[in-house]
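Shown here: protein08.cif, mmCIF, C-alpha atoms.
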data_data
loop_
_atom_site.label_atom_id
_atom_site.label_comp_id
_atom_site.auth_asym_id
_atom_site.auth_seq_id
_atom_site.Cartn_x
_atom_site.Cartn_y
_atom_site.Cartn_z
CA MET A 1 -33.96 7.56 70.31
CA GLU A 2 -32.98 9.42 73.43
CA ILE A 3 -29.60 11.11 73.73
CA LYS A 4 -28.46 11.32 77.34
CA LEU A 5 -26.19 14.33 77.35
CA ASP A 6 -25.32 14.02 81.02
CA GLU A 7 -24.11 10.42 80.80
CA PRO A 8 -20.52 10.98 79.62
CA ILE A 9 -19.74 13.62 82.26
CA LEU A 10 -21.48 11.86 85.12
CA GLY A 11 -20.18 8.46 84.03
CA TYR A 12 -16.60 9.78 84.16
CA ASN A 13 -17.27 11.45 87.52
CA ASN A 14 -18.79 8.26 88.94
CA ARG A 15 -15.76 6.20 87.98
CA LEU A 16 -13.45 8.64 89.76
CA ALA A 17 -15.82 8.69 92.74
CA GLU A 18 -15.57 4.90 93.01
CA ARG A 19 -11.80 5.22 92.95
CA ASN A 20 -11.94 7.78 95.77
CA ARG A 21 -14.25 5.49 97.71
CA ALA A 22 -11.86 2.55 97.32
CA LEU A 23 -8.89 4.67 98.41
CA LEU A 24 -10.76 5.85 101.51
CA ALA A 25 -11.89 2.30 102.36
CA GLU A 26 -8.32 1.05 102.02
CA HIS A 27 -7.27 3.59 104.66
CA GLN A 28 -10.44 3.15 106.78
CA VAL A 29 -11.20 6.84 106.39
CA PHE A 30 -14.81 8.10 106.52
CA MET A 31 -15.62 11.01 104.18
CA LEU A 32 -18.60 13.33 104.74
CA ASN A 33 -19.94 15.64 102.01
CA VAL A 34 -21.51 18.81 103.48
CA MET A 35 -23.96 20.57 101.14
CA ALA A 36 -25.94 23.80 101.71
CA SER A 37 -26.77 27.25 100.40
CA PRO A 38 -24.22 30.04 100.74
CA GLY A 39 -24.27 31.24 104.34
CA ALA A 40 -26.28 28.35 105.80
CA GLY A 41 -23.44 27.74 108.24
CA LYS A 42 -21.34 24.96 106.70
CA THR A 43 -18.00 26.23 107.99
CA SER A 44 -19.41 27.09 111.42
CA LEU A 45 -20.89 23.61 111.78
CA ILE A 46 -17.64 22.01 110.63
CA LEU A 47 -15.69 24.06 113.20
CA ALA A 48 -18.11 23.05 115.98
CA THR A 49 -17.91 19.41 114.84
CA ILE A 50 -14.10 19.54 114.92
CA GLU A 51 -14.17 20.71 118.53
CA ALA A 52 -16.64 17.97 119.49
CA LEU A 53 -14.85 15.09 117.72
CA ARG A 54 -11.15 15.94 117.62
CA GLN A 55 -10.35 13.73 120.64
CA GLN A 56 -12.13 10.77 119.08
CA PHE A 57 -11.12 11.05 115.40
CA ALA A 58 -8.13 12.35 113.44
CA LEU A 59 -9.79 14.96 111.19
CA ALA A 60 -9.09 16.86 107.99
CA VAL A 61 -11.23 19.22 105.90
CA ILE A 62 -11.48 19.79 102.15
CA GLU A 63 -12.91 23.23 101.37
CA GLY A 64 -14.69 23.89 98.08
CA ASP A 65 -15.25 27.47 96.97
CA ILE A 66 -15.56 29.37 93.71
CA ALA A 67 -12.81 31.67 94.95
CA SER A 68 -10.84 32.63 98.11
CA ASP A 69 -9.40 30.53 100.92
CA VAL A 70 -11.11 32.22 103.88
CA ASP A 71 -12.76 28.95 105.00
CA ALA A 72 -9.60 26.86 104.80
CA GLN A 73 -7.81 29.49 106.86
CA LYS A 74 -10.47 29.20 109.58
CA ILE A 75 -10.00 25.40 109.68
CA LYS A 76 -6.21 25.69 109.79
CA ALA A 77 -6.52 28.21 112.62
CA ALA A 78 -8.24 25.40 114.56
CA GLY A 79 -5.12 23.27 114.04
CA ILE A 80 -6.71 20.86 111.54
CA PRO A 81 -5.27 20.01 108.09
CA ALA A 82 -7.26 21.73 105.34
CA VAL A 83 -7.07 21.64 101.56
CA GLN A 84 -8.71 24.48 99.62
CA ILE A 85 -10.23 23.73 96.22
CA ASN A 86 -11.08 26.78 94.10
CA THR A 87 -13.48 25.69 91.38
CA GLY A 88 -12.89 28.91 89.44
CA GLY A 89 -16.56 29.29 88.62
CA ALA A 90 -17.92 25.75 88.80
CA CYS A 91 -20.98 25.48 91.03
CA HIS A 92 -20.11 22.13 92.62
CA LEU A 93 -17.22 19.87 93.55
CA GLU A 94 -16.42 16.87 91.36
CA ALA A 95 -14.71 13.57 92.12
CA ALA A 96 -11.60 14.63 90.17
CA MET A 97 -11.12 17.63 92.45
CA ILE A 98 -11.49 15.42 95.53
CA GLU A 99 -8.99 12.93 94.13
CA ARG A 100 -6.34 15.68 94.01
CA ALA A 101 -7.28 16.95 97.46
CA LEU A 102 -7.05 13.44 98.97
CA ALA A 103 -3.60 13.05 97.43
CA ALA A 104 -2.55 16.15 99.38
CA LEU A 105 -3.65 14.61 102.70
CA ASP A 106 -1.92 11.94 104.79
CA LEU A 107 -4.75 9.41 104.71
CA LYS A 108 -2.84 6.90 106.83
CA ALA A 109 -3.00 9.36 109.73
CA LEU A 110 -6.70 10.28 109.28
CA ASP A 111 -10.08 8.88 110.35
CA LEU A 112 -12.57 11.46 109.13
CA VAL A 113 -12.44 13.83 106.14
CA ILE A 114 -15.14 16.51 105.98
CA VAL A 115 -15.76 18.01 102.54
CA GLU A 116 -17.43 21.42 102.42
CA ASN A 117 -19.08 21.65 99.02
CA VAL A 118 -19.67 24.90 97.10
CA GLY A 119 -22.63 26.83 98.54
CA ASN A 120 -25.44 25.71 96.25
CA LEU A 121 -28.71 23.79 96.69
CA VAL A 122 -28.78 22.43 93.15
CA CYS A 123 -25.55 21.45 91.40
CA PRO A 124 -23.70 19.43 94.08
CA THR A 125 -26.54 16.88 94.21
CA ASP A 126 -25.60 15.21 90.92
CA PHE A 127 -21.92 14.69 91.68
CA ASP A 128 -20.84 11.67 93.71
CA LEU A 129 -17.48 12.48 95.31
CA GLY A 130 -16.86 9.01 96.73
CA GLU A 131 -18.16 10.09 100.13
CA ASN A 132 -19.60 7.72 102.75
CA ALA A 133 -22.43 10.08 103.65
CA ARG A 134 -23.98 13.38 102.61
CA VAL A 135 -25.47 15.91 104.98
CA MET A 136 -27.60 18.80 103.82
CA ILE A 137 -27.83 21.92 106.00
CA LEU A 138 -30.77 24.30 105.83
CA SER A 139 -30.71 27.38 108.04
CA VAL A 140 -33.82 28.90 109.62
CA PRO A 141 -33.47 32.27 107.82
CA GLU A 142 -33.79 30.51 104.43
CA GLY A 143 -37.42 29.57 105.13
CA ASP A 144 -39.43 26.38 105.62
CA ASP A 145 -40.49 26.12 101.94
CA LYS A 146 -37.08 25.10 100.60
CA PRO A 147 -37.82 21.33 100.36
CA LEU A 148 -40.62 22.18 97.91
CA LYS A 149 -38.30 24.27 95.74
CA TYR A 150 -35.09 22.24 95.91
CA PRO A 151 -36.31 18.66 96.37
CA GLY A 152 -33.25 16.92 94.90
CA ILE A 153 -30.82 17.86 97.63
CA PHE A 154 -33.24 16.87 100.39
CA GLU A 155 -33.68 13.48 98.71
CA ALA A 156 -29.94 12.95 98.29
CA ALA A 157 -28.91 13.53 101.91
CA GLN A 158 -28.51 10.87 104.63
CA ALA A 159 -29.08 13.52 107.30
CA ILE A 160 -30.71 16.97 107.27
CA VAL A 161 -29.38 19.60 109.68
CA LEU A 162 -31.63 22.54 110.52
CA ASN A 163 -29.13 25.20 111.59
CA LYS A 164 -29.50 28.59 113.33
CA VAL A 165 -32.44 27.43 115.46
CA ASP A 166 -31.46 30.19 117.92
CA THR A 167 -33.04 32.57 115.37
CA LEU A 168 -36.43 30.79 115.27
CA PRO A 169 -38.03 33.63 117.32
CA VAL A 170 -36.89 36.14 114.67
CA PHE A 171 -38.13 34.36 111.53
CA ASP A 172 -41.47 32.96 110.38
CA PHE A 173 -40.28 29.37 110.14
CA ASP A 174 -42.78 26.56 110.70
CA SER A 175 -40.71 23.59 111.94
CA ASP A 176 -43.62 21.16 111.59
CA ARG A 177 -44.28 22.17 108.00
CA PHE A 178 -40.57 21.87 107.24
CA ALA A 179 -40.38 18.39 108.80
CA ALA A 180 -43.46 17.22 106.88
CA SER A 181 -41.99 18.45 103.57
CA VAL A 182 -38.69 16.72 104.26
CA ARG A 183 -40.43 13.49 105.28
CA ALA A 184 -42.37 13.44 102.00
CA LEU A 185 -39.09 13.53 100.07
CA ASN A 186 -36.86 11.51 102.38
CA PRO A 187 -38.57 9.43 105.06
CA ASN A 188 -35.34 7.96 106.48
CA ALA A 189 -32.93 10.86 107.02
CA PRO A 190 -32.96 12.27 110.55
CA ILE A 191 -33.69 16.00 110.90
CA LEU A 192 -31.17 17.35 113.39
CA SER A 193 -32.02 20.82 114.73
CA LEU A 194 -29.16 22.80 116.19
CA SER A 195 -27.32 26.10 116.39
CA SER A 196 -23.61 26.18 115.57
CA LYS A 197 -23.52 29.50 117.41
CA THR A 198 -25.15 28.60 120.76
CA LEU A 199 -24.28 24.88 120.33
CA GLU A 200 -27.81 23.85 121.36
CA GLY A 201 -28.70 20.55 119.68
CA LEU A 202 -25.11 19.93 118.55
CA ASP A 203 -24.92 16.63 120.49
CA GLY A 204 -27.56 14.97 118.31
CA TRP A 205 -25.64 15.81 115.13
CA VAL A 206 -22.27 14.82 116.57
CA SER A 207 -23.66 11.48 117.81
CA TRP A 208 -25.14 10.74 114.40
CA LEU A 209 -21.87 11.51 112.61
CA ALA A 210 -19.71 9.64 115.13
CA LYS A 211 -21.91 6.56 114.77
CA GLN A 212 -21.65 6.63 110.96
CA ALA A 213 -17.90 7.16 111.07
CA THR A 214 -17.29 4.44 113.67
CA CYS A 215 -18.70 1.86 111.24
CA VAL A 216 -15.86 2.66 108.82
CA VAL A 217 -12.95 3.68 111.02
CA ALA A 218 -11.18 0.69 112.57
CA MET B 1 -5.44 25.15 70.37
CA GLU B 2 -8.10 26.04 72.87
CA ILE B 3 -11.56 24.52 72.68
CA LYS B 4 -14.18 26.79 74.22
CA LEU B 5 -16.86 24.36 75.37
CA ASP B 6 -19.13 27.08 76.71
CA GLU B 7 -19.31 29.08 73.49
CA PRO B 8 -22.05 27.16 71.62
CA ILE B 9 -24.44 27.12 74.61
CA LEU B 10 -23.82 30.71 75.65
CA GLY B 11 -23.75 31.93 72.06
CA TYR B 12 -27.19 30.42 71.47
CA ASN B 13 -28.46 31.85 74.76
CA ASN B 14 -27.11 35.29 73.94
CA ARG B 15 -28.88 35.37 70.57
CA LEU B 16 -32.19 34.52 72.25
CA ALA B 17 -31.48 37.12 74.95
CA GLU B 18 -31.02 39.79 72.28
CA ARG B 19 -34.35 38.74 70.77
CA ASN B 20 -36.02 39.08 74.19
CA ARG B 21 -34.40 42.49 74.63
CA ALA B 22 -35.69 43.66 71.24
CA LEU B 23 -39.21 42.41 72.01
CA LEU B 24 -39.22 44.22 75.36
CA ALA B 25 -37.88 47.43 73.79
CA GLU B 26 -40.56 47.27 71.11
CA HIS B 27 -43.20 47.27 73.87
CA GLN B 28 -41.29 49.72 76.10
CA VAL B 29 -41.22 47.14 78.88
CA PHE B 30 -38.42 47.15 81.48
CA MET B 31 -37.27 43.70 82.66
CA LEU B 32 -35.41 43.17 85.96
CA ASN B 33 -33.51 39.95 86.75
CA VAL B 34 -33.46 39.22 90.50
CA MET B 35 -30.66 36.87 91.60
CA ALA B 36 -29.87 35.55 95.10
CA SER B 37 -29.28 32.48 97.25
CA PRO B 38 -32.23 30.34 98.27
CA GLY B 39 -34.05 32.10 101.09
CA ALA B 40 -32.36 35.50 100.70
CA GLY B 41 -35.80 37.06 100.30
CA LYS B 42 -36.33 37.36 96.54
CA THR B 43 -40.09 36.75 96.64
CA SER B 44 -40.60 38.92 99.72
CA LEU B 45 -38.73 41.82 98.11
CA ILE B 46 -40.71 41.39 94.89
CA LEU B 47 -43.99 41.46 96.85
CA ALA B 48 -42.92 44.61 98.70
CA THR B 49 -41.81 46.18 95.41
CA ILE B 50 -45.18 45.37 93.83
CA GLU B 51 -47.00 47.18 96.64
CA ALA B 52 -44.70 50.21 96.30
CA LEU B 53 -44.86 50.50 92.49
CA ARG B 54 -48.22 49.08 91.38
CA GLN B 55 -49.79 52.55 91.09
CA GLN B 56 -46.92 53.79 88.93
CA PHE B 57 -46.22 50.77 86.69
CA ALA B 58 -48.20 47.86 85.22
CA LEU B 59 -46.31 44.87 86.63
CA ALA B 60 -45.88 41.16 85.95
CA VAL B 61 -43.58 38.54 87.46
CA ILE B 62 -41.79 35.52 85.98
CA GLU B 63 -40.92 32.97 88.67
CA GLY B 64 -38.04 30.54 88.16
CA ASP B 65 -37.79 27.47 90.39
CA ILE B 66 -36.47 23.94 90.13
CA ALA B 67 -39.89 22.71 91.22
CA SER B 68 -43.21 23.92 92.70
CA ASP B 69 -45.29 27.04 92.06
CA VAL B 70 -45.48 28.38 95.62
CA ASP B 71 -43.87 31.70 94.64
CA ALA B 72 -46.10 32.31 91.60
CA GLN B 73 -49.13 31.66 93.79
CA LYS B 74 -47.97 34.35 96.24
CA ILE B 75 -47.63 36.85 93.37
CA LYS B 76 -51.04 35.95 91.93
CA ALA B 77 -52.56 36.35 95.40
CA ALA B 78 -51.37 39.97 95.20
CA GLY B 79 -53.37 40.38 92.00
CA ILE B 80 -50.37 40.53 89.65
CA PRO B 81 -49.90 38.33 86.54
CA ALA B 82 -47.30 35.64 87.19
CA VAL B 83 -45.74 32.95 85.01
CA GLN B 84 -44.05 30.02 86.73
CA ILE B 85 -41.04 28.40 85.06
CA ASN B 86 -39.98 25.02 86.49
CA THR B 87 -36.46 24.30 85.33
CA GLY B 88 -36.77 20.64 86.32
CA GLY B 89 -33.28 20.56 87.81
CA ALA B 90 -31.44 23.33 85.98
CA CYS B 91 -29.74 25.75 88.36
CA HIS B 92 -30.51 28.95 86.42
CA LEU B 93 -32.96 30.51 84.00
CA GLU B 94 -32.04 30.79 80.31
CA ALA B 95 -33.19 33.19 77.61
CA ALA B 96 -35.24 30.44 75.90
CA MET B 97 -37.32 29.96 79.07
CA ILE B 98 -37.90 33.72 79.31
CA GLU B 99 -38.93 33.85 75.66
CA ARG B 100 -41.75 31.40 76.36
CA ALA B 101 -42.75 33.20 79.55
CA LEU B 102 -42.88 36.58 77.76
CA ALA B 103 -45.11 35.01 75.10
CA ALA B 104 -47.56 34.12 77.88
CA LEU B 105 -47.75 37.75 79.08
CA ASP B 106 -49.64 40.66 77.51
CA LEU B 107 -46.61 42.89 76.92
CA LYS B 108 -48.72 45.68 75.40
CA ALA B 109 -50.38 46.14 78.78
CA LEU B 110 -47.16 46.00 80.85
CA ASP B 111 -44.41 48.38 81.96
CA LEU B 112 -42.23 46.31 84.27
CA VAL B 113 -41.50 42.56 84.30
CA ILE B 114 -39.65 41.22 87.33
CA VAL B 115 -37.88 37.88 86.84
CA GLU B 116 -37.09 35.86 89.96
CA ASN B 117 -34.17 33.62 89.05
CA VAL B 118 -33.47 30.20 90.61
CA GLY B 119 -31.97 30.55 94.09
CA ASN B 120 -28.26 30.27 93.32
CA LEU B 121 -25.20 32.53 93.64
CA VAL B 122 -23.28 30.92 90.80
CA CYS B 123 -25.09 29.66 87.72
CA PRO B 124 -27.49 32.54 86.88
CA THR B 125 -24.54 34.91 86.40
CA ASP B 126 -23.53 33.49 83.02
CA PHE B 127 -26.96 33.62 81.39
CA ASP B 128 -28.17 36.86 79.85
CA LEU B 129 -31.98 36.76 79.78
CA GLY B 130 -32.42 39.96 77.79
CA GLU B 131 -33.05 41.96 80.96
CA ASN B 132 -32.49 45.71 81.33
CA ALA B 133 -30.92 45.35 84.77
CA ARG B 134 -29.79 42.74 87.26
CA VAL B 135 -30.10 43.06 91.00
CA MET B 136 -28.32 40.74 93.41
CA ILE B 137 -29.75 40.26 96.90
CA LEU B 138 -27.63 39.16 99.83
CA SER B 139 -29.31 38.67 103.20
CA VAL B 140 -27.64 39.44 106.51
CA PRO B 141 -27.83 35.82 107.82
CA GLU B 142 -25.67 34.65 104.89
CA GLY B 143 -22.64 36.52 106.20
CA ASP B 144 -20.44 39.41 105.09
CA ASP B 145 -17.82 37.18 103.42
CA LYS B 146 -19.97 36.22 100.42
CA PRO B 147 -18.42 38.70 97.95
CA LEU B 148 -15.06 36.95 98.48
CA LYS B 149 -16.55 33.53 97.78
CA TYR B 150 -19.00 34.34 94.97
CA PRO B 151 -17.39 37.31 93.21
CA GLY B 152 -19.02 36.78 89.81
CA ILE B 153 -22.56 37.59 90.86
CA PHE B 154 -21.49 40.74 92.72
CA GLU B 155 -19.63 41.89 89.60
CA ALA B 156 -22.60 41.18 87.32
CA ALA B 157 -25.24 43.17 89.21
CA GLN B 158 -26.25 46.78 88.58
CA ALA B 159 -27.50 47.06 92.17
CA ILE B 160 -26.78 45.07 95.34
CA VAL B 161 -29.57 44.76 97.91
CA LEU B 162 -28.60 43.87 101.47
CA ASN B 163 -31.81 42.33 102.84
CA LYS B 164 -32.99 41.38 106.36
CA VAL B 165 -31.15 44.30 107.99
CA ASP B 166 -33.68 44.02 110.83
CA THR B 167 -31.66 40.94 111.89
CA LEU B 168 -28.29 42.76 112.08
CA PRO B 169 -28.40 42.67 115.92
CA VAL B 170 -28.75 38.85 115.79
CA PHE B 171 -25.89 38.05 113.39
CA ASP B 172 -22.18 38.86 113.28
CA PHE B 173 -22.37 40.84 110.04
CA ASP B 174 -19.84 43.62 109.45
CA SER B 175 -21.56 46.08 107.08
CA ASP B 176 -18.37 48.05 106.46
CA ARG B 177 -16.41 44.94 105.55
CA PHE B 178 -19.24 43.83 103.26
CA ALA B 179 -19.37 47.23 101.53
CA ALA B 180 -15.59 47.27 101.05
CA SER B 181 -15.64 43.78 99.49
CA VAL B 182 -18.46 44.74 97.13
CA ARG B 183 -16.73 48.00 96.18
CA ALA B 184 -13.56 46.09 95.24
CA LEU B 185 -15.57 43.97 92.79
CA ASN B 186 -18.11 46.49 91.58
CA PRO B 187 -17.40 50.16 92.30
CA ASN B 188 -20.52 51.48 90.57
CA ALA B 189 -23.46 49.44 91.85
CA PRO B 190 -25.32 51.02 94.76
CA ILE B 191 -25.62 48.92 97.94
CA LEU B 192 -29.21 49.29 99.10
CA SER B 193 -29.79 48.10 102.68
CA LEU B 194 -33.37 47.21 103.60
CA SER B 195 -35.74 44.79 105.24
CA SER B 196 -38.62 43.39 103.19
CA LYS B 197 -40.20 42.47 106.52
CA THR B 198 -40.10 45.79 108.40
CA LEU B 199 -39.89 47.79 105.12
CA GLU B 200 -37.07 49.96 106.54
CA GLY B 201 -34.86 51.15 103.67
CA LEU B 202 -37.34 50.01 101.01
CA ASP B 203 -37.67 53.54 99.62
CA GLY B 204 -34.06 53.64 98.44
CA TRP B 205 -34.49 50.42 96.48
CA VAL B 206 -37.84 51.41 95.02
CA SER B 207 -36.50 54.81 93.92
CA TRP B 208 -33.53 53.18 92.22
CA LEU B 209 -35.73 50.70 90.35
CA ALA B 210 -38.34 53.30 89.39
CA LYS B 211 -35.62 55.55 88.00
CA GLN B 212 -34.15 52.73 85.88
CA ALA B 213 -37.58 51.69 84.63
CA THR B 214 -38.71 55.22 83.80
CA CYS B 215 -35.84 55.50 81.30
CA VAL B 216 -37.40 52.66 79.29
CA VAL B 217 -41.12 52.92 79.89
CA ALA B 218 -42.75 55.64 77.82
#
Using structure tokens, write down the structure from this file.
Amino acid sequence: MEIKLDEPILGYNNRLAERNRALLAEHQVFMLNVMASPGAGKTSLILATIEALRQQFALAVIEGDIASDVDAQKIKAAGIPAVQINTGGACHLEAAMIERALAALDLKALDLVIVENVGNLVCPTDFDLGENARVMILSVPEGDDKPLKYPGIFEAAQAIVLNKVDTLPVFDFDSDRFAASVRALNPNAPILSLSSKTLEGLDGWVSWLAKQATCVVA
Amino acid sequence: MEIKLDEPILGYNNRLAERNRALLAEHQVFMLNVMASPGAGKTSLILATIEALRQQFALAVIEGDIASDVDAQKIKAAGIPAVQINTGGACHLEAAMIERALAALDLKALDLVIVENVGNLVCPTDFDLGENARVMILSVPEGDDKPLKYPGIFEAAQAIVLNKVDTLPVFDFDSDRFAASVRALNPNAPILSLSSKTLEGLDGWVSWLAKQATCVVA
């Protein structure tokens, strides 16, 4: 007999995630779950995405952090509604946290909700939030071997962003080796190379996201 | 009434950690727990530390990863005993894993065991492995705001390494702001700035570690 210890927790989470998904569908809101290591550039990419898409979509951001509200303050400074979730130690967001954050937003007035998960390449993978799509960001300084070491998150994403490509001359990062490792885990997700700082390559990412969102937003 | 769900797991871990600590003390072996984000440079710093200290101490390395043995292979290529732990999904090492790894090493012949934890700024903090000291590495590309967002790991470390300082000209990293944030959480831990690539600043780190280890090693 096998005892599945993770079933009760994940089963409960999955039920709440389905409820979030239904609520979002009812309001024709697209929700994106952004996952990455600490410092890979989640907030910077979200800020650049806001600037690129704010004419086309009504946006809001849900910020997940262990502590502090520095990211939510950056989003609010851009004039976009932001809800800060402090997990108080938990290494990932859960559907129950998102449910409360969605209740704090005016979904009727929104098209696109971007969720910034806790900086972590492991724990967020197991927790469905009710999102329409997941993007995983790796940054060049982290190294091209990360798909070998953290395969789950590369498998779980619908798109892989390679960020900070402006620093490729500074780091020993083999883009071909990285792409081959990602392909072995996830043959379908596009690998979108860009720099949130110089904005090179941002168009490819923004087009991908806009296309996904347009399928949901009326 | 308060139910402390984390007590049974952590209580069990702590008992095994004490057993590891006793075993290491019996053999006068110093064990260092290295914690950081994915790609912060844990393996590179360990390799540079090996080169700096291999004449002075008999070294071994325990590598913790979700999957793969790429890091253990790098250590073995340097001629140092290495044990790879694959956590199979778990986001941190636990004392029970270290117990098995220590059993695979010839402790009588060793002075210094370096443990590379899973790349994660959250989960490893709660799990005592039986180590003598913990070092936390942050790399410049991750950004100076990380102490605000991941306070627990900065509080738990006996030394903070700021790695990849050769890339300070490329990133917007405010060293003074970083130091002030660390100080607010952990007034006693030294902040050791270095680059495992250019080796600038390595001496400060190596001296700190050698001094800690010398107190334990006969």
Inset, instruction - For stretch 25-35 of chain A, please output as a PyMOL selection string all residues within 9 Å (counting only C-alpha atoms; exclusion window: fewer than 2 positions along the same chain). - result: chain A and resi 20-23+37+42+46+107-121+124-125+129-137+153+157+209+212-218
Inset, instruction - For the structure shown, which residues end up in the PyMOL selection byres ((chain A) within 9 of (chain B))? Put them as number ranges by chain, please? - result: A: 37-41, 65-70, 89-91, 119-123, 139, 141-143, 145-146, 148-152, 167, 170
Inset, instruction - List the residues matched by the PyMOL selection byres ((chain B and resi 203) around 12) in the displayed structure as a ChimeraX atom specification, ordered by chain and then by residue number. - result: /B:45,48-49,51-53,192-196,198-202,204-211
Could you write out that same residue set with C-alpha atoms as a tab-separated table (two decimals), in the frame of the given file?
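In the end it all went to part_34.tsv:
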chain	number	residue	atom	x	y	z
B	45	LEU	CA	-38.73	41.82	98.11
B	48	ALA	CA	-42.92	44.61	98.70
B	49	THR	CA	-41.81	46.18	95.41
B	51	GLU	CA	-47.00	47.18	96.64
B	52	ALA	CA	-44.70	50.21	96.30
B	53	LEU	CA	-44.86	50.50	92.49
B	192	LEU	CA	-29.21	49.29	99.10
B	193	SER	CA	-29.79	48.10	102.68
B	194	LEU	CA	-33.37	47.21	103.60
B	195	SER	CA	-35.74	44.79	105.24
B	196	SER	CA	-38.62	43.39	103.19
B	198	THR	CA	-40.10	45.79	108.40
B	199	LEU	CA	-39.89	47.79	105.12
B	200	GLU	CA	-37.07	49.96	106.54
B	201	GLY	CA	-34.86	51.15	103.67
B	202	LEU	CA	-37.34	50.01	101.01
B	204	GLY	CA	-34.06	53.64	98.44
B	205	TRP	CA	-34.49	50.42	96.48
B	206	VAL	CA	-37.84	51.41	95.02
B	207	SER	CA	-36.50	54.81	93.92
B	208	TRP	CA	-33.53	53.18	92.22
B	209	LEU	CA	-35.73	50.70	90.35
B	210	ALA	CA	-38.34	53.30	89.39
B	211	LYS	CA	-35.62	55.55	88.00
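The coordinates place atom CA of B:Ile98 at 21.1 Å from atom CA of B:Gly79.
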Target residues per the PyMOL selection byres ((chain A and resi 179-189) around 7), formatted as a PDB file with C-alpha atoms, keeping the file's coordinate frame:
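Produced file expr.pdb, reproduced below:
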ATOM      1  CA  PRO A 147     -37.820  21.330 100.360  1.00  0.00           C
ATOM      2  CA  LEU A 148     -40.620  22.180  97.910  1.00  0.00           C
ATOM      3  CA  PRO A 151     -36.310  18.660  96.370  1.00  0.00           C
ATOM      4  CA  PHE A 154     -33.240  16.870 100.390  1.00  0.00           C
ATOM      5  CA  GLU A 155     -33.680  13.480  98.710  1.00  0.00           C
ATOM      6  CA  GLN A 158     -28.510  10.870 104.630  1.00  0.00           C
ATOM      7  CA  ALA A 159     -29.080  13.520 107.300  1.00  0.00           C
ATOM      8  CA  ILE A 160     -30.710  16.970 107.270  1.00  0.00           C
ATOM      9  CA  SER A 175     -40.710  23.590 111.940  1.00  0.00           C
ATOM     10  CA  ASP A 176     -43.620  21.160 111.590  1.00  0.00           C
ATOM     11  CA  ARG A 177     -44.280  22.170 108.000  1.00  0.00           C
ATOM     12  CA  PHE A 178     -40.570  21.870 107.240  1.00  0.00           C
ATOM     13  CA  PRO A 190     -32.960  12.270 110.550  1.00  0.00           C
ATOM     14  CA  ILE A 191     -33.690  16.000 110.900  1.00  0.00           C
TER      15      ILE A 191
END
Inset, instruction - Give as a list in words every residue, naming chains and numbers as the document does, that has an atom within 8 Å of (-22.7, 33.6, 79.6), counting all atoms listed in the file. - result: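 So the residues meeting the distance criterion are Asp6, Leu10, Gly11, Asn13, Asn14, Thr125, Asp126, Phe127 and Asp128 of chain B.
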Inset, instruction - Find the distance between atom CA of A:Ala17 and atom CA of A:Arg54 and write it in Å to one decimal. - result: 26.3 Å
Legend entry - Computed interatomic separation between atom CA of A:Gln84 and atom CA of A:Ala72 (Å):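 Calculated distance between atom CA of A:Gln84 and atom CA of A:Ala72 is 5.8 Å.
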